[in-house]
Every structure is written in structure tokens, then in C-alpha cells.
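To start, the structure itself, in C-alpha cells.
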Amino acid sequence: MKQSSVIGAGIVGLATALALQESGRQVVLIDRLPPGEGTSSGNAGIISTGAVHPESMPDIWKEIPGMTLNRTAPLRLRPGYLLQFLPWLFRFLRNANTETAERASIAISALSHSALSHFEPLLREAGAEHLMRQHGTLYIYETQAQFAKAKEECAYRDRRGVDYQLLDGAELLKLEPSLSAGLAGAVFTPNSAHTISPLALSRKLFEMFQQRGGSFIQTQVQGFSCDGNRVTEVQAERPIKTDEVFITAGAYSKRLAKKLGSHVPLDTERGYHLMLPHPGIVLHHNLLFPVLGFAATSMEAGLRLAGTVEFAGLDAPPDYSRARHLAKRAATVLPDLQTEGGECWMGYRPSVPDSIPVISASPHFENAYFGFGHGHLGLTQSAITGALLVALADDKETPVDCEPYRIDRRW
Ligand SMILES: Cc1cc2nc3c(=O)[nH]c(=O)nc-3n(C[C@H](O)[C@H](O)[C@H](O)COP(=O)(O)OP(=O)(O)OC[C@H]3O[C@@H](n4cnc5c(N)ncnc54)[C@H](O)[C@@H]3O)c2cc1C
């Protein structure tokens, strides 16, 4: 039986490991942390089946000048990180044009559209259906000008065939009575879902992985031993012999991919959450405030405010004032929200400058594969990524054309 190694036991690694087992392989999952405890534990929990917009939308440049000035702005670049960040920023801005955004939108939508149908069998088999709700997402806008722009950008949803409804302020308030009166309106995508605990979801998937005979090694991966164009061993505390290797190490994948000769402009959009244990309100849908830069999701353990983007790399300490500031921002749109006792968290979105994840065979090694760079949509796109990686490894026809996700595309 083929022995596969999956490096990184976040939601993408877990989904990949399960897909590999399904295809009859013996799988070793490797992570320095317990499964699911990295970035995948702290997200907003949304399966955004209607996601179609890349981050590099054509007018994003307007936000760049303000992003070094205000420490708690939704989009922030720490001044000390500027020099290191410039090559990524340059590529990101080069992608911010209509033609490239359209191409990215097609690639993103191809994954997000069937995200839930790839999750469902996993949820069933793992006994994790109770962790998922399908109540839809409300993208909420405070002013008429913001809402008018959002309506224009619905042209992307129209072209991708995404089901959505436009709601005015009164209709919005009827659907979600905890919101302030006087908001301009919302775009409602009824088919999105959310989990009430991203960490419990990962743990359930891991239990299923173990029940199917998978093994887990908690260790830091340093690199690889190779024989010609084949990877033969994963180098860690103790070497792990392998027939094939899958790199799903989130924001840390750049270092590992480089060891296999692939150079990827992967950086991290650090994000924060504030988990409110006694919020005093329950939301019926998950709420996204694109301009304020956060999501609000009612979860098992309270209400999670999650979002913001901070460019500061992998090594700088967290700035939890950004997480605490989420409470202030949320209070402007959720007047009855109680924010005492909030717990702060930071995680590393693995982000590439074109918002298109890497789901790819290695161009240099015949038994190495990559699944990372999902940015804001890693939970959403995890299950389909696993399925695609296994199809690539088996040289089978993939349900989605994988050309746009290649690691050796023009960056
Ligand atoms: C605030 C916030 C909100 C978000 N909201 C959403 C949302 O609502 N919906 C959505 O779809 N996405 C969301 N995301 C994005 C999503 O969380 C990420 O894209 C996703 O978790 C990435 O999963 P991953 O498995 O690739 O990475 P991770 O979860 O980071 O897992 C990678 C794992 O690799 C391990 N690793 C790395 N290097 C090594 C090494 N050398 N040796 C051993 N182990 C290693 C790490 O320990 C880690 O456990 C959000 C992100 C943030 C920060």
C-alpha cells in the first residue's frame, strides 16, 4: 500500500489526509501542533459558497495609503515590515485590474461553488453534521454609497451564477433584528454555511482519520531527502520514509516548497478574533461587514468577531489591540452586543498575491504535491482541495480544471 505523508494538520491537511485514505493509501499526518490548532482553529467559520471576489479588486489601491497610519485600521501594514513586503505588494497591485480579477474570480468560484458538497460526506462520516449550519451569509453595508458599490460588484456573482438577494435596510433588520436600525442594506447569499466550532470540526475529522488507521506524528518538519526527482524521506526529529509528500502547511508552506525547488510569493495576512463568551445576542446568519473588515458568527462558545488584515510577517508578536478594537467596531452595528470577557486570538492567513490557492503537482519532483495559499477561504476550499490533490496524484481527470492553481504559474 502506498505510504503518503501530509505535512500540516490544519483543515486543508486534514481534508487531504482523508481524501488520500479514501483512495486506499496509508497516511501519516505530521504537524508540530496538535491537529487543527493553527490558523484553522480561529477563523470566522464560514463556508463561503458564494465567494467570487479576489482580494486584488481593481480599486484596492485606494486603501493602500492609509494602511500604515492607523494601528487598528481594518487593513494594516506594520511600517517595519514594509521593505520585506514590497515584492508581494507589487505583485498584488499588478493583479488589481479588471482582466486579472475576472480570471481570479473564475478560479475562486470554481472551488467555492461546490465547497459544501465536498464537505457533506466528510461531515456525515465524521458525525460532525451538528457542527454545521446552513443559514446563509449577510454582507452588510452601512452607507448607501457602500451599498451602491457592492451592488455593482454583484456583477461578478451574476457572471458566476451565484444565488443572492439584495436587501434594503428594513428587510435586513427583519432578518437579523440584533442589527442597528439605519444600515443601508445587504447582499444575502442563502447557500453559505458556517460551523459553530472550527476547532471541534477539525478534531472530528482527525478522529475519523485515526479510526480509518491513519497515524499522526507531532514534530517540526525541516526538509526532505530526495533520490533524483523523487522525495524519499521527510526530515524531522526522526526521518519518515515516504512514497509521496503533500505540503499543506498553510502560511509556512513557502519554506517547505522552496526546499523542493518551488519559489512562491506566499505571505501572510494576519487576522484576529475576539471570542465573546456572553454576547447577550444570538445571530441567525453569519454577518460580514466588508468595509469594517470583520465577520460576526454565533458559535458554540459564544459570538466570534473575526477579521482584519495585518501585514507583519510570521515572526512579529501579535498586536491584540486589533482584536480588542473589533468590539468597538461591532458595537456600532450590533447595539446590544455585550463585549465583556472577550478572548483575543491571532492567526496567519496563507496568502498569495492573486488570491488563487496553490493546488498543484510539483514541477520538479514526481511524488510531491502542494495545497496551500487559500487566504481568506481556507476553510471553505479545504475539502475540494483534498479531492483535487488526490486526483492529481492519481493522474485522474480533476472535477475542476487545475491549471489556474499551478505552483509554477506566472506570479
Ligand atoms: C481571522 C480569520 C478569519 C477567517 N475566516 C474564514 C472563514 O470564515 N472562512 C474560510 O473559509 N476561511 C477563513 N479564514 C481563512 C482560513 O482560516 C485559512 O485559510 C485556513 O485555516 C488555512 O488552513 P491551512 O490548513 O492551510 O493552514 P493552518 O490551519 O495554518 O495549518 C497549517 C499547519 O501546518 C503546520 N506546520 C507548518 N509548518 C510546519 C512544519 N515545518 N512542520 C510541521 N508542521 C508545520 C502548522 O503547525 C499548522 O498546524 C480566516 C482566517 C482568519 C485569520
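In the C-alpha cells, chains take the letters A, B, ... in the order shown, each chain's residues start at 1, and ligands count up from 1 in the order shown.
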Non-local contacts of Pro239 of chain A (12 Å; only C-alpha atoms; under 5 positions in same chain excluded) as a VMD selection string: chain A and resid 5 30 217 219 to 225 232 to 234
Could you give me, as a Markdown table, every chain A residue with an atom at most 7 Å from ligand 1, plus its closest atom pair and distance in Å to one decimal, counting only C-alpha atoms and all ligand atoms, rows ordered by chain then number?
```
| residue | atom | partner | partner_atom_place_in_ligand_line | distance |
| --- | --- | --- | --- | --- |
| A:Ile7 | CA | ligand 1 | 44 (N) | 5.9 |
| A:Gly8 | CA | ligand 1 | 34 (O) | 3.3 |
| A:Ala9 | CA | ligand 1 | 33 (C) | 5.0 |
| A:Gly10 | CA | ligand 1 | 25 (O) | 3.3 |
| A:Ile11 | CA | ligand 1 | 25 (O) | 4.2 |
| A:Val12 | CA | ligand 1 | 25 (O) | 3.9 |
| A:Gly13 | CA | ligand 1 | 25 (O) | 5.4 |
| A:Ile30 | CA | ligand 1 | 43 (C) | 5.9 |
| A:Asp31 | CA | ligand 1 | 44 (N) | 3.5 |
| A:Arg32 | CA | ligand 1 | 43 (C) | 4.3 |
| A:Leu33 | CA | ligand 1 | 47 (O) | 4.9 |
| A:Pro35 | CA | ligand 1 | 49 (O) | 6.3 |
| A:Gly36 | CA | ligand 1 | 49 (O) | 5.9 |
| A:Glu37 | CA | ligand 1 | 49 (O) | 5.8 |
| A:Gly38 | CA | ligand 1 | 49 (O) | 4.2 |
| A:Thr39 | CA | ligand 1 | 29 (O) | 3.9 |
| A:Ser40 | CA | ligand 1 | 21 (O) | 3.3 |
| A:Ser41 | CA | ligand 1 | 29 (O) | 6.8 |
| A:Gly42 | CA | ligand 1 | 2 (C) | 6.3 |
| A:Asn43 | CA | ligand 1 | 3 (C) | 3.6 |
| A:Ala44 | CA | ligand 1 | 8 (O) | 3.7 |
| A:Gly45 | CA | ligand 1 | 8 (O) | 4.2 |
| A:Ile46 | CA | ligand 1 | 8 (O) | 3.6 |
| A:Ile47 | CA | ligand 1 | 11 (O) | 5.4 |
| A:Ser48 | CA | ligand 1 | 11 (O) | 6.3 |
| A:Thr219 | CA | ligand 1 | 43 (C) | 5.7 |
| A:Gln220 | CA | ligand 1 | 42 (N) | 3.7 |
| A:Val221 | CA | ligand 1 | 42 (N) | 3.7 |
| A:Gln222 | CA | ligand 1 | 41 (N) | 5.8 |
| A:Thr248 | CA | ligand 1 | 26 (O) | 5.7 |
| A:Ala249 | CA | ligand 1 | 34 (O) | 3.5 |
| A:Gly250 | CA | ligand 1 | 26 (O) | 3.5 |
| A:Ala251 | CA | ligand 1 | 30 (O) | 6.1 |
| A:Tyr252 | CA | ligand 1 | 38 (N) | 4.7 |
| A:Ser253 | CA | ligand 1 | 38 (N) | 6.3 |
| A:Leu256 | CA | ligand 1 | 41 (N) | 6.9 |
| A:Arg270 | CA | ligand 1 | 53 (C) | 5.8 |
| A:Gly271 | CA | ligand 1 | 53 (C) | 3.8 |
| A:Tyr272 | CA | ligand 1 | 1 (C) | 4.5 |
| A:His273 | CA | ligand 1 | 1 (C) | 5.5 |
| A:Ala306 | CA | ligand 1 | 1 (C) | 4.6 |
| A:Gly307 | CA | ligand 1 | 1 (C) | 4.1 |
| A:Thr308 | CA | ligand 1 | 1 (C) | 6.7 |
| A:Met346 | CA | ligand 1 | 53 (C) | 6.6 |
| A:Gly347 | CA | ligand 1 | 53 (C) | 4.5 |
| A:Tyr348 | CA | ligand 1 | 53 (C) | 5.3 |
| A:Arg349 | CA | ligand 1 | 53 (C) | 5.0 |
| A:Pro350 | CA | ligand 1 | 19 (O) | 6.0 |
| A:Phe372 | CA | ligand 1 | 26 (O) | 5.2 |
| A:Gly373 | CA | ligand 1 | 26 (O) | 6.7 |
| A:His374 | CA | ligand 1 | 19 (O) | 4.8 |
| A:Gly375 | CA | ligand 1 | 19 (O) | 4.6 |
| A:His376 | CA | ligand 1 | 15 (C) | 4.1 |
| A:Leu377 | CA | ligand 1 | 11 (O) | 3.3 |
| A:Gly378 | CA | ligand 1 | 19 (O) | 3.0 |
| A:Leu379 | CA | ligand 1 | 11 (O) | 3.5 |
| A:Thr380 | CA | ligand 1 | 11 (O) | 3.7 |
| A:Gln381 | CA | ligand 1 | 11 (O) | 6.4 |
```
Considering only C-alpha atoms, state which residue in the set A:Leu138, A:Ala73, A:Val352, A:Leu266 is at the smallest distance from Asn286 of chain A. A:Leu138
Find the residues near segment 57-67 of chain A: any atom within 7 Å, counting only C-alpha atoms, skip ones fewer than 4 places away on the same chain, and give them as number ranges by chain. A: 73, 75-77, 93, 96-98, 101
Test item: residues at most 12 Å from segment 156-169 of chain A, only C-alpha atoms, excluding those fewer than 3 positions along its chain, as a PyMOL selection string: chain A and resi 48-54+57+98+101-114+136-144+147-148+150-153+172-177+179-192
Just the residues within 9 Å of Pro335 of chain A, please, counting only C-alpha atoms, with nothing from its chain fewer than 3 positions along; format it as a PDB file with N, CA and C atoms, in the first residue's frame.
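The result, stored in result01.pdb:
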```pdb
ATOM      1  N   SER A 178     -30.931  41.902  15.616  1.00  0.00           N
ATOM      2  CA  SER A 178     -29.911  42.453  16.531  1.00  0.00           C
ATOM      3  C   SER A 178     -29.131  43.606  15.910  1.00  0.00           C
ATOM      4  N   LEU A 179     -29.293  43.824  14.612  1.00  0.00           N
ATOM      5  CA  LEU A 179     -28.536  44.901  13.951  1.00  0.00           C
ATOM      6  C   LEU A 179     -29.115  46.272  14.285  1.00  0.00           C
ATOM      7  N   SER A 180     -28.275  47.315  14.138  1.00  0.00           N
ATOM      8  CA  SER A 180     -28.769  48.686  14.319  1.00  0.00           C
ATOM      9  C   SER A 180     -29.775  49.017  13.217  1.00  0.00           C
ATOM     10  N   ALA A 330     -17.822  46.519  16.283  1.00  0.00           N
ATOM     11  CA  ALA A 330     -19.056  45.733  16.259  1.00  0.00           C
ATOM     12  C   ALA A 330     -20.176  46.467  16.992  1.00  0.00           C
ATOM     13  N   ALA A 331     -19.818  47.206  18.064  1.00  0.00           N
ATOM     14  CA  ALA A 331     -20.849  47.904  18.843  1.00  0.00           C
ATOM     15  C   ALA A 331     -21.575  48.942  17.996  1.00  0.00           C
ATOM     16  N   THR A 332     -20.938  49.430  16.927  1.00  0.00           N
ATOM     17  CA  THR A 332     -21.603  50.438  16.093  1.00  0.00           C
ATOM     18  C   THR A 332     -22.716  49.819  15.233  1.00  0.00           C
ATOM     19  N   GLN A 338     -22.788  42.493  24.089  1.00  0.00           N
ATOM     20  CA  GLN A 338     -22.026  42.658  25.341  1.00  0.00           C
ATOM     21  C   GLN A 338     -20.629  42.107  25.135  1.00  0.00           C
TER      22      GLN A 338
END
```
